[in-house]
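Everything below concerns the one structure shown next.
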Amino acid sequence: NKTTVSETENNYVQGITATEIKVGNCAATSGAGATIGIPFNAGIQAYFDMVNDAGGVNGRTINFVHEDDEFDPAKGKQCVEDMMNDEKIFALVGHFGTPTIAATLDDVKEKGIPVVYFASGLASLYNENATGEDRGIYPVQPIYVMEGRLIVARAVAEYDSKKIGAIYTSDDAGTDMITGIRNQVNKLGDEYTLVEQQVTPGASDYSAAVAKMKQEGVDVVIVATIQASFTPIVKELAKQNVNKPAFTSYINADGTLIGLVKDDVGTKFPIYANAWVDVSDTNAVTLFATEIVESSGVPLYAANAFSMAGWIAGHYFIEGLKNVDGDLTWTSYMDGIESEPIKNPFGGQIDYSNGKRLGTQEMSLLKMDVTTSTWAAHKPIANLESILGDTDLGLDEDKSSLGLYYVIGGVVLVVVVAGIVYFVVKSKRRDEE
Amino acid sequence: MSNVILSVKDLRVNYGSIQALKGVNLEIKEGQVVALLGANGAGKTTTLRTLSGLIEATSGEIEFDGQIISRLPAEKITKLGISQSPEGRAIFRDLTVEENLKVGAFTVKNYIQYNNFERVYKYFPILYERKKQVASTLSGGEQQMLAIGRSLMASPRLLLLDEPSLGLAPIIVKNIFEIINEIKKEGTTVLIVEQNALQTLKIADYAYVLEIGEIKTEGKAKDLINDPNLIEAYLGGRK
Amino acid sequence: MAIISKKIIKDIFFKTSNILPKPYVNYLLFGIILVILPYIVNGSTLLTIGSVIVYAIAALGLNLLLGYSGLISLGTAGFMGLSSYFASYLTKDLNFPFFASLLISVFIPVILGLLVGLVSLRIEGYYLAIATLAVAEILRRIFEKFIAFTGGYVGKTADYPNILNVFMLDREGTYIILVIFLIVIMILTHNLIQSPTGRALLTMRGSDAAAQAMGIDILKYRLIAFALATLYASIAGVLYVHFNELTYPTIWNLGLSLNILAIIIIGGIRSISGTVLGAFVVYSFSDLILKEIPFIGEIPGLSNIIFGVLIIVIILFYPQGLIQIFKNILKSIFIRKDVKASE
Amino acid sequence: MIFSGIETGSFYALAALGIIIIFRTSITTNFAQGVIGMFNAFMATEFYYRFGYSTVESIILAIVTSIIMGILIDILIIRHARKVNPVSKQIITLGLIMIIMGITPMIFGTTNRDLKRIIPSGQIDFGSLHISYNSILNIILVFIIMFVLFIVLQYTKWGLAVRVTASNEYTARLMGVPTKMVTMIIWALAASLSTLASIMLAPSNSVEVNMMGGVQVNALIACVLGGFQTFYGPVIAAYIIGISSNLIVFYISDTWGEPILYIFILIFILIKPNGLIGKKLVKKV
Amino acid sequence: MSKKAIVVNKELSNDIVLQVDNLSIAFGGLKAVDNLSFNIKKNEIFGLIGPNGAGKTTVFNCITQFYRPNNGEVYFRTKRDKVVNLVGRPVYRIIRLGLVRTFQNVELIRELSVLDNLLVGAHIKYKTGFISHMLKTKKARKEELDNRKKAIEVLKYLGIDHLKDFLAAGLSYGILKRVELGRALMSDPNLLILDEPAAGLNETETEQLAETIRKIRDDFNSSILLVEHDMRLVMNICDRICAISFGKLLAIGTPKEIQSNKNVQEAYLGKDD
Ligand SMILES: Nc1ncnc2c1ncn2[C@@H]1O[C@H](COP(=O)(O)OP(=O)(O)OP(=O)(O)O)[C@@H](O)[C@H]1O
Ligand SMILES: Nc1ncnc2c1ncn2[C@@H]1O[C@H](COP(=O)(O)OP(=O)(O)OP(=O)(O)O)[C@@H](O)[C@H]1O
Ligand SMILES: [Mg+2]
Ligand SMILES: [Mg+2]
């Protein structure tokens with residue numbers, strides 16, 4: 001099971017030399033996205049540092065390069081091309097940001113470069129049977145639509161809730177999750193109802209959405225949002241005394257968030273979060289904590305969900321590498337990573353065999369513990385099937401075909417309004433003159 | 001003989017590469033009315049603006065009442081008692097007449113301000129009638145009166161008037177010259193720039209004639225008025 | 001030899017700085033330089049320069065609007081975004097050919113622009129600026145939420161244009177289309193601002209009263225100004241989506257509108273070459289130069305800070321824009337010598 | 001919900017007031033208003049967590065730093081921008097945004113932070129309506145600040161000084177108005193107003209780089225809705241936006257609430273082009 | 001105003017160019033112009049005088065439709081010898097009829113050269129639209145060339161052709177006044193309205209101006225209506241003068257008659273020393 005090093009350098013695939021494997025990514029390390037990008041990359045770097053300190057993989061150390069794309073998909077696209085064509089990296093590790101991923105998915109597939117770990121739960125990454133150029137895509141994080149379904153399952157299983165409230169952001173995470181939530185609620189049958197409210201990420205007032213939850217008297221509230229909106233929504237729930245159990249996405253299963261909300265929430269209501277990582281395995285967590293602090297020098301990153309995600313990204317890439325048989329090429333790497341299920345350092349595993357590209361499908365449930373400021377393990381890792389006995393794991397997205405009619409209607413409306421305003425202005429002017 | 005209140009030594013001012021004043025010397029005695037005459041573009045306005053501190057001189061010295069003011073900012077100079085009715089009126093267009101006058105009295109105490117209001121309204125009754133009107137809608141002449149009135153609001157010790165008669169009806173122009181006489185009696189020193197040279201010389205004590213940035217002639221107004229050559233040459237007037 | 005080269009340089013620079021007539025030659029020359037670029041620079045630099053061209057086109061429109069008619073709009077990004085979504089929707093979802101899609105994609109924003117132009121008769125100055133900002137915000141919300149049409153936060157993709165089924169363009173080909181659009185627009189704009197229309201716009205900006213007294217119909221010229229500004233912006237939007245192969249709601253935010261405003265302020269208002277120069281400074285300085293400097297490039301955010309400082313410094317010292325530096329330098333080099341020589 | 005609209009409206013109002021007073025002295029719309037507040041909210045957390053001051057002390061210290069920041073911005077930049085036209089000044093504030101956005105993560109790191117309430121807990125109940133003491137404090141505080149500012153600006157010599165500085169700075173100096181001082185005070189004041197807004201907003205949100213984005217846009221729109229000519233117009237408009245956006249979201253549409261509100265506002269300013277309070281100035285030729 | 005008011009065809013005796021009938025306008029409570037009537041004959045130089053704030057500029061604004069009078073009509077004989085009522089017409093249409101004005105505070109475009117400022121005055125002469133301008137069609141080029149020639153002629157006429165390429169921003173007030181006059185002349189008006197053309201000019205310049213105004217009347221075959229406070233100029237060149245005060249008519253007559261009118265002396269001229 002050893003990779004043999006070719007004699008002549010010419011035979012190496014891009015990014016590979018006798019002693020080094022160059023991988024990279026493009027993430028926002030400045031501006032608004034820096035909150036995520038910097039710790040994420042620190043996590044990847046920490047894992048590679050650890051591997052390199054131990055002598056690398058088969059005599060090759062990992063050289064991780066990254067560039068700032070400022071969360072601008074156009075820049076991200078440029079950057080990814082840079083990485084693939086100029087930096088000549090072997091693989092993209094930790095492909096970052098939904099818009100950039102959506103914009104570059106075709107490019108990376110065309111190039112055929114392996115991409116391990118997407119920092120996104122974009123639905124189009126989901127593929128039950130990848131062949132050909134789709135093969136190089138290796139999602140690790142759960143797909144948001146799937147997560148939406150899982151959250152509903154958990155809410156129902158925990159509280160037998162019939163009336164489910166959901167507040168979701170209008171971004172990709174929120175809208176994909178609400179798709180899964182709707183989907184699952186529908187599947188559950190008529191006795192289950194959904195009250196949904198959309199909010200704008202980064203808004204300064206969420207009281208209307210929360211008031212709706214209160215008015216409708218929901219049994220549980222699902223907070224299907226990214227971190228920036230999670231805090232204010234939970235605070236608003238507490239403020240308005242909605243006091244119903246809250247369920248949220250793994251995105252928010254982040255220790256730093258507890259500090260932000262615990263004073264407000266106190267013991268008013270429990271908050272649950274999905275988790276695809278199991279932090280109860282103290283060995284794994286300690287290893288991660290020591291390595292990340294040593295590598296980045298930032299103690300806070302030891303409890304940061306994004307640096308942990310980066311760590312996992314590094315882990316999956318390396319595990320795939322270890323399984324490679326023969327010369328290291330893109331194909332052999334793909335064969336390697338598919339050859340056996342890869343364990344997540346923090347519980348669970350992903351099987352890429354037979355073209356399965358499903359991301360993490362099983363998650364545990366955490367409960368916020370305000371006294372210790374931690375997310376305590378509440379239910380072990382499980383998939384939809386084992387929670388509700390639901391066997392259909394697909395993601396049937398509901399795509400409405402009304403788009404075209406709306407577009408035409410909108411266009412007509414604009415033209416008509418323009419015409420009316422023109423005549424009004426004209427006649428007004430005639431009056432005035 | 002009264003003492004010198006303002007003396008200007010070798011004042012030079014540039015606009016970019018254009019030299020507008022090329023070494024101007026002036027001396028103004030307290031309580032006098034002094035005229036500064038000269039053709040278009042001679043640098044009269046530039047002189048006044050420099051005195052008020054709106055333009056910085058490249059070199060030279062301005063001394064007001066024993067204090068060097070050439071490097072002081074405009075607002076400090078105004079506080080010392082120099083007030084100007086600028087060329088082009090420069091009223092605050094979006095403020096009312098009353099507010100404009102109030103700003104004119106920014107540097108003086110409230111009780112003085114009330115007296116000054118009375119005085120300005122006495123000089124220009126039309127301003128009293130228009131006191132709540134937004135200044136930009138005043139007629140041209142009314143705006144001019146407002147600018148002059150505003151400069152009086154500060155109870156200045158030295159009043160600088162830049163073409164005060166511009167756009168005013170003949171009857172008001174006569175008034176203006178009477179007003180100048182009146183405030184002179186109260187002890188205010190006046191430096192006046194006018195196109196209307198003859199009429200100005202009639203009320204002035206002393207006059208300077210500027211030509212392209214330099215003082216060409218100076219003398220008692222009485223003497224200059226009788227010097228037809230001078231009037232012909234520099235002021236472009238006959239009669 | 002040296003003399004000849006100096007003369008050539010002089011000719012070129014003077015013409016580009018609009019001192020001599022017939023700047024067509026210079027625009028074309030500039031275009032040729034741009035076209036040669038792909039053979040010199042690497043792929044990502046090409047992408048950067050492509051974006052510069054796109055934003056330069058939008059900025060030329062805003063320059064007409066702000067510099068000539070004196071109306072300020074903060075809605076540029078909204079209009080660009082709208083046309084980009086139309087272009088993507090029409091070519092990708094409905095399989096329209098490139099030119100048909102271009103026409104339709106540009107039509108809608110222009111109608112909206114005309115609407116704003118109508119409104120500008122009643123709302124002026126900062127009210128108009130913020131009102132256009134509100135329009136752009138509404139459009140951006142539509143981009144975010146009207147998922148069936150826009151793809152929401154995932155964004156929407158497009159392909160390199162396919163012209164008449166004959167030219168299936170690749171990136172370099174699309175880039176050349178960009179350059180052609182830019183040069184043609186520069187020339188047309190140049191013609192326009194030197195014409196009675198340009199004068200009428202300037203008059204309107206300087207004095208409403210004088211304009212009307214001289215027979216200039218304010219409504220008509222405001223509509224023209226807005227129509228052209230949105231036309232340019234939406235052409236830029238269409239080119240953006242085809243060149244970058246994607247469009248995404250958060251690109252089209254207030255920041256972009258402000259950046260396009262920054263282009264004309266930094267480059268030089270009422271100057272075509274200034275606008276293009278400004279676009280290069282705003283959209284490539286940071287990527288192509290600042291980030292390449294070792295220390296600055298390594299610390300995230302530092303290049304932004306330096307660029308922010310740079311913008312402020314430029315405005316404080318060159319309120320007329322960077323193009324002024326060029327003109328000054330050229331004047332000091334050539335004119336003085338010429339005067340001496342002719343004496 | 002209406003009440004929370006009033007509270008949010010107060011934040012908008014503070015920010016709008018900051019924008020409007022800068023507009024009235026420097027004749028430019030300050031796009032950096034929000035990020036200045038954001039930066040100083042970080043300062044407050046820094047005082048609280050790193051230096052161990054109490055919440056109130058931290059807030060006061062943050063206000064002090066914001067005043068210093070406002071003064072610095074004026075001395076270093078705005079003062080030298082007299083000859084710069086208003087539109088270019090807007091771009092200067094854009095440059096400020098870039099600088100502050102770049103510096104913030106360098107100084108304070110990239111994690112979101114928490115800022116405590118002044119009154120940590122307790123609420124008044126009216127039936128199903130619960131209003132926290134802190135909200136009441138916020139609202140009262142904002143009302144007092146507005147009232148004092150309004151009196152000062154409308155009825156004192158300094159208020160007049162502010163208005164003439166905007167109208168014509170050169171002539172204002174000629175009248176003895178220390179315009180440099182006026183702009184400096186105004187920038188300091190604007191910075192502290194926006195800081196106050198961000199500090200009041202922070203406890204129900206969290207302190208992060210984008211926290212003031214929505215406030216900034218809504219404050220700008222409030223200025224237009226209220227009219228640039230008075231100080232109280234934008235304040236009233238800010239409350240209208242704060243309250244009605246909640247009502248529209250609640251009763252009409254959660255997804256399209258904000259666009260609908262903006263469309264209403266657009267239609268309104270079409271009908272009343274100078275805003276709620278503004279009066280039309282006749283241009284005389 | 002309904003359209004009817006615009007198309008009224010009024011009989012004007014042949015030698016009258018402008019007839020102002022019962023013109024009134026008020027701002028709030030202030031009656032700026034109060035029931036004023038006068039007329040201007042062909043090739044006449046007509047002066048309008050009155051104290052500050054009497055309403056002279058307002059009369060001009062009412063004639064050129066910058067203000068809409070509350071009451072009264074303004075009849076005008078156009079270039080094509082048709083009589084129209086100006087009241088109710090869009091401001092920008094007035095110049096096409098042959099009536100053009102200058103402003104009390106010079107309204108020139110600072111960014112444009114002197115020549116270009118004059119070309120703005122020829123705006124109504126252009127027949128091509130903005131698309132031809134963008135494409136620089138042959139017709140557009142020819143038009144531009146023709147107007148340019150004409151502008152240079154006018155500049156020569158006013159004696160400022162050496163300044164044609166200077167930007168308006170840097171020129172002195174006296175010159176600017178002349179440029180504004182030139183701009184007005186570009187449209188070949190048959191009535192020229194001048195608001196305080198001599199303000200800020202010194203005595204020599206004022207005399208030159210008087211000459212120029214007379215010449216314009218003769219060479220351009222047009223009538224001239226002017227407001228001015230410089231009595232020497234007014235008395236020197238005007239054929240007839242109308243004096244108003246508080247918006248009301250005081251007197252109409254020859255300069256001599258006006259000068260000796262008691263009311264005018266009291267309200268406007270002041271007693272002679
Ligand atoms: N802002 C300026 N920039 C450049 N040059 C200027 C400026 N202001 C004045 N000048 C020039 O400076 C010289 C003096 O101008 P100034 O206004 O002082 O003359 P003046 O005597 O007041 O003339 P007038 O009688 O026309 O008011 C003139 O040549 C003028 O062109
Ligand atoms: N838009 C307006 N709103 C209110 N009042 C106005 C307006 N326009 C003019 N007025 C008033 O109407 C009166 C007439 O003004 P007008 O400008 O016609 O005077 P004028 O005769 O031209 O005076 P001057 O010789 O001083 O220029 C003035 O008292 C002025 O304040
Ligand atoms: Mg002068
Ligand atoms: Mg007048």
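We label chains A, B, ... in the order they appear in the structure tokens, count residues from 1 in each chain, and number ligands from 1 in the order shown.
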
Throw together the list of residues within 8 Å of ligand 2, counting only C-alpha atoms and all ligand atoms, and drop it here as a VMD selection string.
-> (chain B and resid 130 133 to 134 137 to 143 167 to 169) or (chain D and resid 282 to 284) or (chain E and resid 26 to 28 30 to 33 49 to 60 104 227 to 229 246 to 247)

Compute the chain D side of the contact with chain C at 8 Å, counting only C-alpha atoms, and hand it back as number ranges by chain.
-> D: 77, 80-81, 83-85, 88, 91-92, 94-103, 106, 220-221, 224, 255, 258-259, 262-263, 266, 269-270, 273-274, 285

Selected residues, N, CA and C atoms, written as an mmCIF file, in the first residue's frame, please.
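Generated output (part07.cif):
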```cif
data_model
loop_
_atom_site.group_PDB
_atom_site.id
_atom_site.type_symbol
_atom_site.label_atom_id
_atom_site.label_comp_id
_atom_site.auth_asym_id
_atom_site.auth_seq_id
_atom_site.Cartn_x
_atom_site.Cartn_y
_atom_site.Cartn_z
ATOM 1 N N ILE D 77 -8.226 64.724 8.318
ATOM 2 C CA ILE D 77 -8.777 64.617 6.968
ATOM 3 C C ILE D 77 -9.710 65.771 6.623
ATOM 4 N N HIS D 80 -8.672 69.285 5.954
ATOM 5 C CA HIS D 80 -7.883 69.563 4.752
ATOM 6 C C HIS D 80 -8.714 69.413 3.493
ATOM 7 N N ALA D 81 -9.974 69.092 3.680
ATOM 8 C CA ALA D 81 -10.803 68.807 2.510
ATOM 9 C C ALA D 81 -11.757 69.951 2.207
ATOM 10 N N LYS D 83 -11.517 72.323 0.095
ATOM 11 C CA LYS D 83 -11.675 72.604 -1.321
ATOM 12 C C LYS D 83 -12.271 71.427 -2.074
ATOM 13 N N VAL D 84 -12.465 70.341 -1.357
ATOM 14 C CA VAL D 84 -12.967 69.130 -2.001
ATOM 15 C C VAL D 84 -14.487 69.222 -2.113
ATOM 16 N N ASN D 85 -15.006 68.839 -3.261
ATOM 17 C CA ASN D 85 -16.462 68.966 -3.428
ATOM 18 C C ASN D 85 -17.189 67.862 -2.655
ATOM 19 N N SER D 88 -16.815 64.172 -3.685
ATOM 20 C CA SER D 88 -15.505 63.614 -3.356
ATOM 21 C C SER D 88 -15.386 63.350 -1.873
ATOM 22 N N ILE D 91 -16.512 60.052 -1.063
ATOM 23 C CA ILE D 91 -15.520 59.014 -1.339
ATOM 24 C C ILE D 91 -14.471 58.983 -0.240
ATOM 25 N N ILE D 92 -14.205 60.133 0.353
ATOM 26 C CA ILE D 92 -13.306 60.126 1.511
ATOM 27 C C ILE D 92 -13.885 59.240 2.610
ATOM 28 N N LEU D 94 -15.759 56.808 2.176
ATOM 29 C CA LEU D 94 -15.590 55.423 1.713
ATOM 30 C C LEU D 94 -14.195 54.919 2.080
ATOM 31 N N GLY D 95 -13.203 55.779 1.884
ATOM 32 C CA GLY D 95 -11.845 55.431 2.282
ATOM 33 C C GLY D 95 -11.773 55.137 3.776
ATOM 34 N N LEU D 96 -12.508 55.941 4.555
ATOM 35 C CA LEU D 96 -12.543 55.714 5.997
ATOM 36 C C LEU D 96 -13.091 54.331 6.321
ATOM 37 N N ILE D 97 -14.147 53.956 5.591
ATOM 38 C CA ILE D 97 -14.725 52.627 5.820
ATOM 39 C C ILE D 97 -13.658 51.562 5.610
ATOM 40 N N MET D 98 -12.927 51.675 4.482
ATOM 41 C CA MET D 98 -11.907 50.664 4.191
ATOM 42 C C MET D 98 -10.890 50.588 5.317
ATOM 43 N N ILE D 99 -10.462 51.754 5.789
ATOM 44 C CA ILE D 99 -9.437 51.762 6.831
ATOM 45 C C ILE D 99 -9.975 51.123 8.110
ATOM 46 N N ILE D 100 -11.136 51.568 8.530
ATOM 47 C CA ILE D 100 -11.654 51.066 9.806
ATOM 48 C C ILE D 100 -11.987 49.579 9.716
ATOM 49 N N MET D 101 -12.590 49.178 8.594
ATOM 50 C CA MET D 101 -12.910 47.753 8.419
ATOM 51 C C MET D 101 -11.642 46.915 8.405
ATOM 52 N N GLY D 102 -10.569 47.483 7.891
ATOM 53 C CA GLY D 102 -9.308 46.732 7.850
ATOM 54 C C GLY D 102 -8.669 46.641 9.227
ATOM 55 N N ILE D 103 -8.756 47.750 9.951
ATOM 56 C CA ILE D 103 -8.061 47.798 11.245
ATOM 57 C C ILE D 103 -8.772 46.961 12.301
ATOM 58 N N MET D 106 -7.739 43.468 12.907
ATOM 59 C CA MET D 106 -6.343 43.415 13.343
ATOM 60 C C MET D 106 -6.224 43.674 14.839
ATOM 61 N N LEU D 220 -29.622 56.515 6.528
ATOM 62 C CA LEU D 220 -29.547 57.344 5.323
ATOM 63 C C LEU D 220 -30.935 57.564 4.750
ATOM 64 N N ILE D 221 -31.691 56.476 4.690
ATOM 65 C CA ILE D 221 -33.030 56.595 4.113
ATOM 66 C C ILE D 221 -33.903 57.469 5.008
ATOM 67 N N VAL D 224 -33.469 61.050 4.149
ATOM 68 C CA VAL D 224 -34.204 61.493 2.969
ATOM 69 C C VAL D 224 -35.692 61.607 3.272
ATOM 70 N N THR D 255 -41.016 37.970 3.787
ATOM 71 C CA THR D 255 -39.980 37.938 2.768
ATOM 72 C C THR D 255 -39.802 39.306 2.109
ATOM 73 N N GLU D 258 -39.185 44.424 3.691
ATOM 74 C CA GLU D 258 -38.298 45.570 3.561
ATOM 75 C C GLU D 258 -38.416 46.252 2.198
ATOM 76 N N PRO D 259 -38.391 45.457 1.107
ATOM 77 C CA PRO D 259 -38.597 46.112 -0.190
ATOM 78 C C PRO D 259 -39.899 46.903 -0.247
ATOM 79 N N TYR D 262 -39.429 50.159 1.454
ATOM 80 C CA TYR D 262 -38.642 51.091 0.641
ATOM 81 C C TYR D 262 -39.473 51.659 -0.506
ATOM 82 N N ILE D 263 -40.296 50.811 -1.083
ATOM 83 C CA ILE D 263 -41.131 51.311 -2.182
ATOM 84 C C ILE D 263 -42.101 52.368 -1.666
ATOM 85 N N LEU D 266 -40.171 55.489 -1.284
ATOM 86 C CA LEU D 266 -39.892 56.112 -2.587
ATOM 87 C C LEU D 266 -41.112 56.868 -3.088
ATOM 88 N N ILE D 269 -41.516 60.077 -1.129
ATOM 89 C CA ILE D 269 -40.665 61.230 -1.467
ATOM 90 C C ILE D 269 -40.923 61.717 -2.880
ATOM 91 N N LEU D 270 -41.532 60.881 -3.686
ATOM 92 C CA LEU D 270 -41.959 61.367 -4.993
ATOM 93 C C LEU D 270 -43.052 62.419 -4.828
ATOM 94 N N PRO D 273 -41.196 65.786 -2.373
ATOM 95 C CA PRO D 273 -39.785 65.618 -2.724
ATOM 96 C C PRO D 273 -38.809 66.128 -1.671
ATOM 97 N N ASN D 274 -39.243 66.959 -0.746
ATOM 98 C CA ASN D 274 -38.287 67.444 0.238
ATOM 99 C C ASN D 274 -38.444 66.770 1.577
ATOM 100 N N VAL D 285 -33.825 83.792 -9.777
ATOM 101 C CA VAL D 285 -32.792 84.200 -10.725
ATOM 102 C C VAL D 285 -32.872 85.692 -10.959
#
```

Within 6 Å of ligand 1, counting only C-alpha atoms and all ligand atoms, residues as a VMD selection string = (chain B and resid 15 20 39 to 46) or (chain E and resid 172 to 173)

Could you check how far CA of Val20 (chain E) sits from CA of Ser37 (chain E), in Å to one decimal?
->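 These two atoms are separated by 5.0 Å.
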
Nearest to Val140 (chain A), chosen from A:Gly33, A:Gly255, A:Gly419, A:Gly121, with only C-alpha atoms counted in the distances |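 That would be A:Gly121, the residue with the smallest distance to Val140 (chain A).
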
Go through chain E and flag each residue having an atom no more than 8 Å from chain A; for those, report the closest pair of atoms plus their distance in Å to one decimal, using only C-alpha atoms, ordered by chain and rising number, as JSON lines.
```
{"residue": "E:Met1", "atom": "CA", "partner": "A:Asp431", "partner_atom": "CA", "distance": 6.5}
{"residue": "E:Gln65", "atom": "CA", "partner": "A:Glu433", "partner_atom": "CA", "distance": 7.5}
{"residue": "E:Arg68", "atom": "CA", "partner": "A:Glu433", "partner_atom": "CA", "distance": 7.1}
{"residue": "E:Gly88", "atom": "CA", "partner": "A:Glu433", "partner_atom": "CA", "distance": 5.4}
{"residue": "E:Arg89", "atom": "CA", "partner": "A:Glu433", "partner_atom": "CA", "distance": 6.0}
{"residue": "E:Pro90", "atom": "CA", "partner": "A:Glu433", "partner_atom": "CA", "distance": 5.2}
{"residue": "E:Val91", "atom": "CA", "partner": "A:Glu433", "partner_atom": "CA", "distance": 7.4}
```

Give me the residues within 6 Å of region 228-236 of chain D as number ranges by chain, counting only C-alpha atoms and dropping any in the same chain fewer than 3 places off.
-> D: 13, 222-223, 239, 277-278

DSSP on the backbone, then: every residue of region 4-246 of chain E marked helix (DSSP H, G or I), written as a count of residues only.
-> 100

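Shell of region 56-66 of chain A at 7 Å, with only C-alpha atoms counted and residues fewer than 2 places along the chain excluded, is Thr3, Ala18, Thr19, Glu20, Ile21, Lys22, Val23, Gly24, Asn25, Cys26, Gln45, Phe48, Val51, Asn52, Asp53, Ala54, Asp68 and Lys322 of chain A.
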